[in-house]
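Visitor: The following block contains the structure, expressed as structure tokens.
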Amino acid sequence: GLIGYNDSGAVEQCYAAVDIIANGEAVGGLIGRVYRWVTWKSYATGSVYAPGASAVGGLIGHMQGMDSRTSDCYASGAVTGNTRVGGLVGLNEGMVLTSYAAGKVAGTVETGGLIGFNSGSVTSAFWDTTMSGMAQSAGGMGVPTQEMMQQSTFTAGGAWNFDEIWGINEGQSYPYLRAIPSPFSPRLTIVAV
């Protein structure tokens with residue numbers, strides 16, 4: 001959606017709002033493959049459709065290497081793949097922190113609401129069990145839509161920063177990133193009378 005393969009720098013405060021149709025390996029709504037870098041305060045909202053592909057994720061297809069890290073990110077589009085399919089990350093070898101996924105997920109093998117296949121770590125990350133249609137994930141905590149729209153769900157562990165990084169329209173939206181506009185950010189409406 002934004003980057004095919006990132007092995008040379010951090011990705012910060014970026015987003016992709018396009019639909020992806022692909023095949024092969026390492027397909028993501030924002031980044032296909034990340035090798036030893038950080039993805040921070042970013043999101044993807046488009047659908048990822050790669051029915052014959054492996055390592056397919058709503059945000060990142062393949063997070064390669066233990067030095068790779070994704071924090072304060074989310075993906076909200078539908079994800080379709082073959083193997084190692086996740087609402088946020090398809091194949092995780094790094095660290096996923098304070099992030100979430102909220103889209104429909106479909107795959108054949110090693111498929112999860114947040115992570116498809118995990119050999120890394122997942123901390124304080126969530127997926128929407130209602131929207132994803134997934135009761136399982138290779139990491140993270142699954143909660144229904146109503147709880148995904150409550151700040152207390154995310155702050156219970158103490159890692160989410162709703163003072164500076166995240167915002168939420170309590171009971172009405174998923175969390176959004178304060179630094180960049182998103183579909184969940186509050187909008188100002190001016191009406192001339």
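Each chain in the structure tokens gets a letter, A, B, ..., in the order shown, and its residues are numbered from 1; ligands are numbered from 1 in order too.
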Considering only C-alpha atoms, give me a table of residues in stretch 36-87 of chain A that are at most 12 Å from stretch 125-138 of chain A, with the closest atom pair and distance in Å for each, as JSON lines.
Guide:
```
{"residue": "A:Gly58", "atom": "CA", "partner": "A:Ser132", "partner_atom": "CA", "distance": 11.2}
{"residue": "A:Thr70", "atom": "CA", "partner": "A:Ala125", "partner_atom": "CA", "distance": 10.4}
{"residue": "A:Ser71", "atom": "CA", "partner": "A:Ala125", "partner_atom": "CA", "distance": 9.1}
{"residue": "A:Asp72", "atom": "CA", "partner": "A:Ala125", "partner_atom": "CA", "distance": 9.2}
{"residue": "A:Cys73", "atom": "CA", "partner": "A:Ala125", "partner_atom": "CA", "distance": 9.6}
{"residue": "A:Tyr74", "atom": "CA", "partner": "A:Phe126", "partner_atom": "CA", "distance": 9.5}
{"residue": "A:Ala75", "atom": "CA", "partner": "A:Trp127", "partner_atom": "CA", "distance": 9.6}
{"residue": "A:Ser76", "atom": "CA", "partner": "A:Met131", "partner_atom": "CA", "distance": 9.4}
{"residue": "A:Gly77", "atom": "CA", "partner": "A:Ser132", "partner_atom": "CA", "distance": 9.6}
{"residue": "A:Ala78", "atom": "CA", "partner": "A:Ser132", "partner_atom": "CA", "distance": 7.9}
{"residue": "A:Val79", "atom": "CA", "partner": "A:Ser132", "partner_atom": "CA", "distance": 9.0}
{"residue": "A:Thr80", "atom": "CA", "partner": "A:Ser132", "partner_atom": "CA", "distance": 10.9}
{"residue": "A:Arg84", "atom": "CA", "partner": "A:Ala138", "partner_atom": "CA", "distance": 9.7}
{"residue": "A:Val85", "atom": "CA", "partner": "A:Ser137", "partner_atom": "CA", "distance": 9.7}
{"residue": "A:Gly86", "atom": "CA", "partner": "A:Ser137", "partner_atom": "CA", "distance": 7.7}
{"residue": "A:Gly87", "atom": "CA", "partner": "A:Ser132", "partner_atom": "CA", "distance": 7.5}
```
Visitor: List every residue of stretch 2-165 of chain A that DSSP, applied to the backbone of this structure, assigns to helix (DSSP H, G or I), and report them as a PyMOL selection string.
Guide: chain A and resi 129-132+145-148+151-155
Visitor: Let's see if you can do this: from backbone DSSP, list all strand (DSSP E or B) residues in stretch 35-179 of chain A, as a compact mmCIF listing (two decimals) with N, CA and C atoms, in the first residue's frame.
Guide:
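Heads up, here's the output in states.txt:
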```txt
# COMPACT_ATOMS: atom_id res chain seq x y z
N TYR A 35 12.25 -5.43 7.49
CA TYR A 35 13.41 -6.14 8.02
C TYR A 35 14.18 -5.24 8.98
N VAL A 38 11.48 -0.14 12.58
CA VAL A 38 10.30 0.18 13.38
C VAL A 38 9.20 0.78 12.51
N THR A 39 7.97 0.34 12.73
CA THR A 39 6.79 0.97 12.15
C THR A 39 6.01 1.53 13.32
N TRP A 40 5.78 2.85 13.33
CA TRP A 40 5.26 3.52 14.51
C TRP A 40 4.21 4.56 14.13
N LYS A 41 3.13 4.62 14.90
CA LYS A 41 2.06 5.61 14.69
C LYS A 41 1.60 5.64 13.23
N SER A 42 1.21 4.50 12.70
CA SER A 42 0.78 4.41 11.31
C SER A 42 -0.42 3.48 11.19
N TYR A 43 -1.11 3.55 10.05
CA TYR A 43 -2.28 2.68 9.88
C TYR A 43 -2.56 2.42 8.41
N ALA A 44 -3.41 1.40 8.18
CA ALA A 44 -3.90 1.06 6.84
C ALA A 44 -5.39 0.78 6.95
N VAL A 48 -6.96 -5.95 1.73
CA VAL A 48 -5.82 -6.67 1.17
C VAL A 48 -6.34 -8.00 0.66
N TYR A 49 -6.33 -8.17 -0.65
CA TYR A 49 -6.88 -9.38 -1.27
C TYR A 49 -5.76 -10.11 -1.99
N SER A 54 1.15 -16.01 0.76
CA SER A 54 1.59 -16.34 2.11
C SER A 54 2.11 -15.07 2.77
N ALA A 55 1.97 -14.97 4.09
CA ALA A 55 2.38 -13.79 4.87
C ALA A 55 1.61 -12.56 4.40
N VAL A 56 0.32 -12.53 4.73
CA VAL A 56 -0.58 -11.46 4.31
C VAL A 56 -1.15 -10.78 5.55
N GLY A 57 -1.00 -9.46 5.63
CA GLY A 57 -1.49 -8.74 6.80
C GLY A 57 -2.17 -7.43 6.45
N ILE A 60 1.05 -5.15 7.83
CA ILE A 60 2.35 -5.65 7.37
C ILE A 60 2.21 -7.14 7.03
N GLY A 61 2.76 -7.53 5.89
CA GLY A 61 2.74 -8.94 5.52
C GLY A 61 3.70 -9.77 6.35
N HIS A 62 4.98 -9.36 6.37
CA HIS A 62 6.01 -10.13 7.07
C HIS A 62 6.92 -9.17 7.85
N MET A 63 6.91 -9.28 9.18
CA MET A 63 7.86 -8.55 10.02
C MET A 63 9.02 -9.50 10.28
N GLN A 64 10.14 -9.26 9.58
CA GLN A 64 11.26 -10.18 9.58
C GLN A 64 12.34 -9.70 10.55
N ARG A 69 9.89 -3.94 14.82
CA ARG A 69 8.90 -3.58 15.83
C ARG A 69 7.78 -2.75 15.22
N THR A 70 6.56 -3.08 15.62
CA THR A 70 5.39 -2.30 15.25
C THR A 70 4.72 -1.84 16.53
N SER A 71 4.56 -0.53 16.68
CA SER A 71 3.88 -0.03 17.88
C SER A 71 2.99 1.13 17.52
N ASP A 72 1.87 1.24 18.26
CA ASP A 72 0.89 2.31 18.04
C ASP A 72 0.45 2.37 16.59
N CYS A 73 -0.02 1.22 16.09
CA CYS A 73 -0.50 1.10 14.71
C CYS A 73 -1.83 0.36 14.68
N TYR A 74 -2.54 0.46 13.57
CA TYR A 74 -3.76 -0.34 13.39
C TYR A 74 -4.06 -0.57 11.94
N ALA A 75 -4.89 -1.58 11.69
CA ALA A 75 -5.40 -1.90 10.36
C ALA A 75 -6.89 -2.18 10.49
N VAL A 79 -8.91 -8.59 5.13
CA VAL A 79 -7.67 -9.26 4.70
C VAL A 79 -8.00 -10.68 4.24
N THR A 80 -7.58 -11.01 3.02
CA THR A 80 -7.78 -12.36 2.48
C THR A 80 -6.46 -12.88 1.95
N THR A 83 -1.96 -18.62 3.41
CA THR A 83 -1.33 -19.07 4.65
C THR A 83 -0.69 -17.89 5.39
N ARG A 84 -0.64 -18.00 6.72
CA ARG A 84 -0.07 -16.96 7.57
C ARG A 84 -0.72 -15.60 7.28
N VAL A 85 -2.00 -15.55 7.60
CA VAL A 85 -2.84 -14.38 7.32
C VAL A 85 -3.29 -13.76 8.64
N GLY A 86 -3.07 -12.44 8.79
CA GLY A 86 -3.48 -11.78 10.02
C GLY A 86 -4.10 -10.42 9.77
N VAL A 89 -0.72 -8.33 11.17
CA VAL A 89 0.53 -8.87 10.61
C VAL A 89 0.32 -10.34 10.24
N GLY A 90 0.74 -10.70 9.04
CA GLY A 90 0.61 -12.10 8.62
C GLY A 90 1.62 -13.00 9.30
N LEU A 91 2.90 -12.66 9.19
CA LEU A 91 3.99 -13.44 9.77
C LEU A 91 4.84 -12.51 10.64
N ASN A 92 4.83 -12.73 11.95
CA ASN A 92 5.55 -11.87 12.88
C ASN A 92 6.74 -12.57 13.50
N MET A 95 8.40 -7.63 17.19
CA MET A 95 7.59 -7.22 18.34
C MET A 95 6.39 -6.40 17.88
N VAL A 96 5.22 -6.75 18.37
CA VAL A 96 4.00 -5.99 18.12
C VAL A 96 3.53 -5.45 19.47
N LEU A 97 3.39 -4.12 19.57
CA LEU A 97 2.98 -3.49 20.82
C LEU A 97 1.87 -2.48 20.57
N TYR A 100 -3.77 -2.63 17.03
CA TYR A 100 -4.99 -3.43 16.90
C TYR A 100 -5.37 -3.64 15.44
N ALA A 101 -6.28 -4.60 15.24
CA ALA A 101 -6.86 -4.89 13.93
C ALA A 101 -8.37 -4.97 14.06
N VAL A 105 -11.11 -11.17 8.40
CA VAL A 105 -9.91 -11.93 8.06
C VAL A 105 -10.31 -13.30 7.52
N ALA A 106 -9.72 -13.69 6.39
CA ALA A 106 -10.01 -14.99 5.80
C ALA A 106 -8.72 -15.61 5.25
N VAL A 109 -4.65 -21.51 6.16
CA VAL A 109 -3.79 -22.09 7.19
C VAL A 109 -3.13 -20.97 7.98
N GLU A 110 -2.98 -21.15 9.31
CA GLU A 110 -2.33 -20.18 10.18
C GLU A 110 -2.90 -18.78 9.95
N THR A 111 -4.16 -18.65 10.30
CA THR A 111 -4.90 -17.41 10.11
C THR A 111 -5.41 -16.92 11.46
N GLY A 112 -5.25 -15.61 11.73
CA GLY A 112 -5.69 -15.07 13.00
C GLY A 112 -6.22 -13.66 12.90
N ILE A 115 -2.69 -11.73 14.34
CA ILE A 115 -1.44 -12.29 13.79
C ILE A 115 -1.73 -13.68 13.23
N GLY A 116 -1.21 -13.94 12.03
CA GLY A 116 -1.38 -15.27 11.45
C GLY A 116 -0.43 -16.29 12.04
N PHE A 117 0.88 -16.00 11.99
CA PHE A 117 1.90 -16.88 12.56
C PHE A 117 2.87 -16.01 13.35
N ASN A 118 3.20 -16.44 14.57
CA ASN A 118 4.01 -15.61 15.45
C ASN A 118 5.17 -16.39 16.05
N SER A 121 7.05 -11.50 19.63
CA SER A 121 6.29 -11.18 20.83
C SER A 121 5.15 -10.22 20.49
N VAL A 122 4.07 -10.33 21.25
CA VAL A 122 2.90 -9.48 21.08
C VAL A 122 2.49 -8.98 22.47
N THR A 123 2.47 -7.66 22.65
CA THR A 123 2.17 -7.07 23.95
C THR A 123 1.09 -6.00 23.82
N PHE A 126 -4.71 -5.94 20.28
CA PHE A 126 -6.08 -6.43 20.28
C PHE A 126 -6.60 -6.63 18.85
N TRP A 127 -7.64 -7.47 18.75
CA TRP A 127 -8.38 -7.55 17.49
C TRP A 127 -9.85 -7.67 17.80
N ASP A 128 -10.66 -7.23 16.84
CA ASP A 128 -12.12 -7.25 16.97
C ASP A 128 -12.63 -8.62 16.53
N MET A 141 -5.12 -10.11 22.13
CA MET A 141 -6.37 -10.40 22.83
C MET A 141 -7.55 -10.04 21.94
N GLY A 142 -8.46 -10.96 21.78
CA GLY A 142 -9.65 -10.72 20.99
C GLY A 142 -10.80 -10.24 21.85
N VAL A 143 -11.46 -9.16 21.43
CA VAL A 143 -12.63 -8.63 22.14
C VAL A 143 -13.69 -8.24 21.13
N TRP A 166 -2.98 8.31 21.40
CA TRP A 166 -4.29 7.81 20.96
C TRP A 166 -5.43 8.71 21.41
N GLY A 167 -6.52 8.68 20.63
CA GLY A 167 -7.79 9.28 21.02
C GLY A 167 -8.88 8.26 20.75
N TYR A 176 -8.06 6.10 17.54
CA TYR A 176 -7.41 6.74 16.39
C TYR A 176 -6.13 7.41 16.85
N LEU A 177 -5.22 7.63 15.91
CA LEU A 177 -3.96 8.28 16.21
C LEU A 177 -4.13 9.80 16.15
```
Visitor: Please determine, counting only C-alpha atoms, which residue among A:Gln146, A:Ser8, A:Gln151, A:Thr45 has the shortest atom-to-atom distance to A:Pro181.
Guide: A:Thr45
Visitor: Rounded to one decimal in Å, what is the spacing between atom CA of A:Asp67 and atom CA of A:Ser124?
Guide: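 Atom CA of A:Ser124 lies 18.1 Å from atom CA of A:Asp67.
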Visitor: Using Å and a single decimal, report how far atom CA of A:Gly120 sits from atom CA of A:Asn82.
Guide: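 Between these atoms lies a distance of 20.8 Å.
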Visitor: From the set A:Ile165, A:Ile3, A:Ala156, A:Ala50, which residue has the shortest atom-to-atom contact distance to A:Glu25, counting only C-alpha atoms?
Guide: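 Using only C-alpha atoms, the shortest distance to A:Glu25 belongs to A:Ala50.
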Visitor: Write out as a count of residues only which residues come within 10 Å of A:Ile168 when counting only C-alpha atoms, dropping same-chain ones fewer than 4 positions away.
Guide: 15
Visitor: What does the distance between atom CA of A:Ala179 and atom CA of A:Val11 come to in Å, to one decimal place?
Guide: 13.8 Å
